[in-house]
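Enquirer: The structure file upload_31.pdb (PDB, C-alpha atoms) is provided below.
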```pdb
MODEL        1
ATOM      1  CA  MET N 207       0.457 192.812   2.320  1.00  0.00           C
ATOM      2  CA  LYS N 208       0.173 189.080   2.849  1.00  0.00           C
ATOM      3  CA  ARG N 209      -3.396 187.881   2.555  1.00  0.00           C
ATOM      4  CA  SER N 210      -4.668 185.091   4.729  1.00  0.00           C
ATOM      5  CA  PHE N 211      -6.730 182.212   3.427  1.00  0.00           C
ATOM      6  CA  TYR N 212      -9.944 183.582   4.926  1.00  0.00           C
ATOM      7  CA  SER N 213      -9.635 187.369   4.610  1.00  0.00           C
ATOM      8  CA  ASP N 214     -12.522 189.455   3.262  1.00  0.00           C
ATOM      9  CA  ASN N 215     -14.660 186.371   2.505  1.00  0.00           C
ATOM     10  CA  SER N 216     -13.235 185.950  -0.981  1.00  0.00           C
ATOM     11  CA  PRO N 217     -11.419 182.790  -1.981  1.00  0.00           C
ATOM     12  CA  LEU N 218      -7.685 182.659  -2.371  1.00  0.00           C
ATOM     13  CA  LEU N 219      -7.940 180.186  -5.259  1.00  0.00           C
ATOM     14  CA  SER N 220     -10.212 180.168  -8.282  1.00  0.00           C
ATOM     15  CA  VAL N 221     -10.260 176.808 -10.022  1.00  0.00           C
ATOM     16  CA  VAL N 222     -11.171 177.256 -13.693  1.00  0.00           C
ATOM     17  CA  ILE N 223     -12.266 174.178 -15.619  1.00  0.00           C
ATOM     18  CA  CYS N 224     -12.968 174.434 -19.332  1.00  0.00           C
ATOM     19  CA  THR N 225     -15.199 171.884 -20.970  1.00  0.00           C
ATOM     20  CA  TYR N 226     -16.704 171.038 -24.338  1.00  0.00           C
ATOM     21  CA  LYS N 227     -19.148 168.168 -24.896  1.00  0.00           C
ATOM     22  CA  ARG N 228     -17.743 165.931 -22.134  1.00  0.00           C
ATOM     23  CA  PRO N 229     -20.198 166.052 -19.211  1.00  0.00           C
ATOM     24  CA  GLU N 230     -19.264 162.580 -17.928  1.00  0.00           C
ATOM     25  CA  LEU N 231     -15.568 163.449 -17.737  1.00  0.00           C
ATOM     26  CA  LEU N 232     -16.391 166.829 -16.189  1.00  0.00           C
ATOM     27  CA  ARG N 233     -18.526 165.110 -13.527  1.00  0.00           C
ATOM     28  CA  LYS N 234     -15.545 162.978 -12.433  1.00  0.00           C
ATOM     29  CA  CYS N 235     -13.264 166.021 -12.394  1.00  0.00           C
ATOM     30  CA  LEU N 236     -15.761 168.043 -10.334  1.00  0.00           C
ATOM     31  CA  GLU N 237     -16.158 165.212  -7.825  1.00  0.00           C
ATOM     32  CA  GLN N 238     -12.396 165.339  -7.226  1.00  0.00           C
ATOM     33  CA  VAL N 239     -12.214 169.118  -7.047  1.00  0.00           C
ATOM     34  CA  CYS N 240     -15.381 169.781  -5.048  1.00  0.00           C
ATOM     35  CA  TYR N 241     -15.503 166.860  -2.630  1.00  0.00           C
ATOM     36  CA  LYS N 242     -12.067 165.305  -2.253  1.00  0.00           C
ATOM     37  CA  GLN N 243      -9.627 168.182  -1.666  1.00  0.00           C
ATOM     38  CA  THR N 244      -7.789 168.468   1.671  1.00  0.00           C
ATOM     39  CA  VAL N 245      -8.342 172.230   1.992  1.00  0.00           C
ATOM     40  CA  ASP N 246     -11.503 173.815   3.331  1.00  0.00           C
ATOM     41  CA  ARG N 247     -14.117 174.267   0.591  1.00  0.00           C
ATOM     42  CA  ASN N 248     -14.533 177.925   1.579  1.00  0.00           C
ATOM     43  CA  THR N 249     -10.978 178.694   0.507  1.00  0.00           C
ATOM     44  CA  TYR N 250     -11.594 178.163  -3.183  1.00  0.00           C
ATOM     45  CA  GLU N 251     -14.247 178.600  -5.803  1.00  0.00           C
ATOM     46  CA  VAL N 252     -14.859 176.411  -8.815  1.00  0.00           C
ATOM     47  CA  ILE N 253     -15.763 177.879 -12.194  1.00  0.00           C
ATOM     48  CA  VAL N 254     -16.833 175.872 -15.244  1.00  0.00           C
ATOM     49  CA  SER N 255     -16.674 177.544 -18.630  1.00  0.00           C
ATOM     50  CA  ASP N 256     -18.613 175.475 -21.167  1.00  0.00           C
ATOM     51  CA  ASP N 257     -18.008 176.048 -24.877  1.00  0.00           C
ATOM     52  CA  ASN N 258     -21.003 173.906 -25.850  1.00  0.00           C
ATOM     53  CA  SER N 259     -24.519 175.251 -26.255  1.00  0.00           C
ATOM     54  CA  ASP N 260     -26.691 172.149 -25.861  1.00  0.00           C
ATOM     55  CA  GLY N 261     -27.481 172.738 -22.155  1.00  0.00           C
ATOM     56  CA  ILE N 262     -26.636 169.194 -21.019  1.00  0.00           C
ATOM     57  CA  THR N 263     -23.532 170.220 -19.074  1.00  0.00           C
ATOM     58  CA  LYS N 264     -25.247 173.201 -17.443  1.00  0.00           C
ATOM     59  CA  LYS N 265     -28.090 170.978 -16.254  1.00  0.00           C
ATOM     60  CA  MET N 266     -25.640 168.434 -14.774  1.00  0.00           C
ATOM     61  CA  VAL N 267     -23.592 171.120 -13.005  1.00  0.00           C
ATOM     62  CA  ASP N 268     -26.694 172.881 -11.638  1.00  0.00           C
ATOM     63  CA  GLN N 269     -28.224 169.646 -10.330  1.00  0.00           C
ATOM     64  CA  GLU N 270     -25.156 167.872  -8.957  1.00  0.00           C
ATOM     65  CA  PHE N 271     -22.702 170.650  -8.051  1.00  0.00           C
ATOM     66  CA  PRO N 272     -24.709 173.622  -6.743  1.00  0.00           C
ATOM     67  CA  LEU N 273     -21.639 175.475  -5.439  1.00  0.00           C
ATOM     68  CA  VAL N 274     -19.935 175.462  -8.832  1.00  0.00           C
ATOM     69  CA  LYS N 275     -20.278 178.623 -10.896  1.00  0.00           C
ATOM     70  CA  TYR N 276     -21.289 177.752 -14.451  1.00  0.00           C
ATOM     71  CA  PHE N 277     -20.682 180.132 -17.352  1.00  0.00           C
ATOM     72  CA  LYS N 278     -21.465 179.722 -21.028  1.00  0.00           C
ATOM     73  CA  GLY N 279     -18.296 179.884 -23.101  1.00  0.00           C
ATOM     74  CA  PRO N 280     -17.776 182.086 -26.159  1.00  0.00           C
ATOM     75  CA  GLU N 281     -17.602 179.101 -28.576  1.00  0.00           C
ATOM     76  CA  LYS N 282     -14.288 180.353 -29.983  1.00  0.00           C
ATOM     77  CA  GLY N 283     -11.970 177.551 -28.880  1.00  0.00           C
ATOM     78  CA  PHE N 284     -10.004 176.500 -25.839  1.00  0.00           C
ATOM     79  CA  GLY N 285      -8.042 179.718 -25.221  1.00  0.00           C
ATOM     80  CA  ALA N 286     -11.101 181.946 -25.395  1.00  0.00           C
ATOM     81  CA  ASN N 287     -13.010 179.523 -23.186  1.00  0.00           C
ATOM     82  CA  ARG N 288     -10.237 179.596 -20.554  1.00  0.00           C
ATOM     83  CA  ASN N 289     -10.201 183.400 -20.649  1.00  0.00           C
ATOM     84  CA  ASN N 290     -13.971 183.393 -20.261  1.00  0.00           C
ATOM     85  CA  GLY N 291     -13.727 181.385 -17.035  1.00  0.00           C
ATOM     86  CA  SER N 292     -10.843 183.523 -15.783  1.00  0.00           C
ATOM     87  CA  LYS N 293     -12.721 186.802 -16.116  1.00  0.00           C
ATOM     88  CA  GLU N 294     -15.386 185.473 -13.716  1.00  0.00           C
ATOM     89  CA  ALA N 295     -12.848 184.531 -11.019  1.00  0.00           C
ATOM     90  CA  ARG N 296     -12.807 186.288  -7.636  1.00  0.00           C
ATOM     91  CA  GLY N 297      -9.725 184.578  -6.204  1.00  0.00           C
ATOM     92  CA  ASP N 298      -6.233 185.964  -5.920  1.00  0.00           C
ATOM     93  CA  TRP N 299      -4.803 182.990  -7.829  1.00  0.00           C
ATOM     94  CA  LEU N 300      -6.137 181.173 -10.878  1.00  0.00           C
ATOM     95  CA  VAL N 301      -5.701 177.403 -10.912  1.00  0.00           C
ATOM     96  CA  PHE N 302      -6.485 175.667 -14.192  1.00  0.00           C
ATOM     97  CA  THR N 303      -7.394 172.088 -14.936  1.00  0.00           C
ATOM     98  CA  ASP N 304      -9.199 170.399 -17.775  1.00  0.00           C
ATOM     99  CA  ASP N 305     -12.428 168.420 -17.744  1.00  0.00           C
ATOM    100  CA  ASP N 306     -10.569 165.161 -18.405  1.00  0.00           C
ATOM    101  CA  CYS N 307      -8.217 165.559 -15.401  1.00  0.00           C
ATOM    102  CA  LEU N 308      -8.643 163.996 -11.965  1.00  0.00           C
ATOM    103  CA  PRO N 309      -6.726 166.187  -9.496  1.00  0.00           C
ATOM    104  CA  GLU N 310      -5.373 164.346  -6.467  1.00  0.00           C
ATOM    105  CA  SER N 311      -6.770 165.229  -3.050  1.00  0.00           C
ATOM    106  CA  GLN N 312      -3.731 167.338  -2.060  1.00  0.00           C
ATOM    107  CA  TRP N 313      -3.733 169.288  -5.325  1.00  0.00           C
ATOM    108  CA  LEU N 314      -5.078 172.589  -3.965  1.00  0.00           C
ATOM    109  CA  GLU N 315      -3.264 172.206  -0.645  1.00  0.00           C
ATOM    110  CA  THR N 316      -0.001 171.921  -2.579  1.00  0.00           C
ATOM    111  CA  TYR N 317      -0.746 175.145  -4.438  1.00  0.00           C
ATOM    112  CA  TYR N 318      -1.694 176.903  -1.207  1.00  0.00           C
ATOM    113  CA  ASN N 319       1.555 175.809   0.455  1.00  0.00           C
ATOM    114  CA  ALA N 320       3.580 176.950  -2.562  1.00  0.00           C
ATOM    115  CA  ILE N 321       1.817 180.334  -2.542  1.00  0.00           C
ATOM    116  CA  THR N 322       2.423 180.938   1.155  1.00  0.00           C
ATOM    117  CA  GLN N 323       6.052 179.761   1.011  1.00  0.00           C
ATOM    118  CA  ASN N 324       6.949 181.712  -2.146  1.00  0.00           C
ATOM    119  CA  THR N 325       5.339 185.092  -1.562  1.00  0.00           C
ATOM    120  CA  ASP N 326       7.191 186.701  -4.487  1.00  0.00           C
ATOM    121  CA  ALA N 327       5.958 184.128  -6.999  1.00  0.00           C
ATOM    122  CA  LYS N 328       3.738 185.360  -9.794  1.00  0.00           C
ATOM    123  CA  VAL N 329       3.157 181.996 -11.489  1.00  0.00           C
ATOM    124  CA  LEU N 330       3.246 178.401 -10.253  1.00  0.00           C
ATOM    125  CA  GLU N 331       3.163 175.295 -12.390  1.00  0.00           C
ATOM    126  CA  GLY N 332       2.251 171.764 -11.421  1.00  0.00           C
ATOM    127  CA  LYS N 333       3.114 168.385 -12.806  1.00  0.00           C
ATOM    128  CA  THR N 334       0.641 166.354 -14.817  1.00  0.00           C
ATOM    129  CA  ILE N 335       0.808 162.580 -14.574  1.00  0.00           C
ATOM    130  CA  THR N 336      -1.130 160.585 -17.139  1.00  0.00           C
ATOM    131  CA  ASP N 337      -2.848 157.328 -16.288  1.00  0.00           C
ATOM    132  CA  ARG N 338      -3.041 156.079 -19.864  1.00  0.00           C
ATOM    133  CA  PRO N 339      -0.749 155.998 -22.908  1.00  0.00           C
ATOM    134  CA  GLN N 340      -0.136 159.386 -24.415  1.00  0.00           C
ATOM    135  CA  MET N 341      -1.250 159.967 -27.984  1.00  0.00           C
ATOM    136  CA  ARG N 342       0.582 162.318 -30.296  1.00  0.00           C
ATOM    137  CA  PHE N 343      -1.318 164.204 -32.952  1.00  0.00           C
ATOM    138  CA  ASP N 344       1.588 165.469 -35.059  1.00  0.00           C
TER     139      ASP N 344
ENDMDL
END
```
Could you write out this file's structure as structure tokens?
Expert:
Amino acid sequence: MKRSFYSDNSPLLSVVICTYKRPELLRKCLEQVCYKQTVDRNTYEVIVSDDNSDGITKKMVDQEFPLVKYFKGPEKGFGANRNNGSKEARGDWLVFTDDDCLPESQWLETYYNAITQNTDAKVLEGKTITDRPQMRFD
């Protein structure tokens, strides 16, 4: 059964953003995701999973992004933090980004179009373009 974007009042997309001690970067990411996407805001939810326990990020999210769902992370690293955000998702599709990314305005629209045009797809992957020199850590 093909699900429409607005059926049963649940979002098609759940955007999961993991963060750890970077509230300023997260703020910029959330501005892009919450206010600058070309799809209707009712078609997706935004979840922040925060692996830090100091409360600074929660306060910023609560005050500046009231529609974002904030969850305390398990403090067991990136993978566990991503899984923590995922388990709270209500959407049919999980879309991941990191707190230091600035998704372009058509980002979610591109995923939606790919989902509706490739109904047998189980996983979709996007391209990441960096705006600064890449650093290797090996």
Enquirer: Could you tell me, as a list of chain:residue names, which residues have any atom at most 12 Å from (-23.2, 173.6, -4.9), counting all atoms listed in the file?
Expert: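 Protein and nucleic acid residues near the point are N:Leu236, N:Glu237, N:Cys240, N:Tyr241, N:Arg247, N:Asn248, N:Glu251, N:Val252, N:Ile253, N:Met266, N:Val267, N:Asp268, N:Gln269, N:Glu270, N:Phe271, N:Pro272, N:Leu273, N:Val274, N:Lys275, N:Tyr276.
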Enquirer: Show which residues sit within 12 Å of Lys242 of chain N, as a list in words. Count all atoms listed in the file, and ignore same-chain residues fewer than 3 positions away.
Expert: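 Skipping anything fewer than 3 positions along the chain leaves Lys234, Cys235, Leu236, Glu237, Gln238, Val239, Val245, Asp246, Arg247, Leu308, Pro309, Glu310, Ser311, Gln312, Trp313, Leu314 and Glu315 of chain N.
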Enquirer: In Å, how far is it from atom CA of Thr316 of chain N to atom CA of Ile335 of chain N?
Expert: 15.2 Å
Enquirer: Which of these, N:Asp298, N:Asp260, N:Asp306, N:Glu281, has the shortest distance to Asp337 of chain N once you count all atoms listed in the file?
Expert: N:Asp306
Enquirer: Quick check, in Å to one decimal: how far apart do atom CA of Lys278 of chain N and atom CA of Val301 of chain N lie?
Expert: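 Atom-to-atom, atom CA of Lys278 of chain N and atom CA of Val301 of chain N are spaced 18.9 Å apart.
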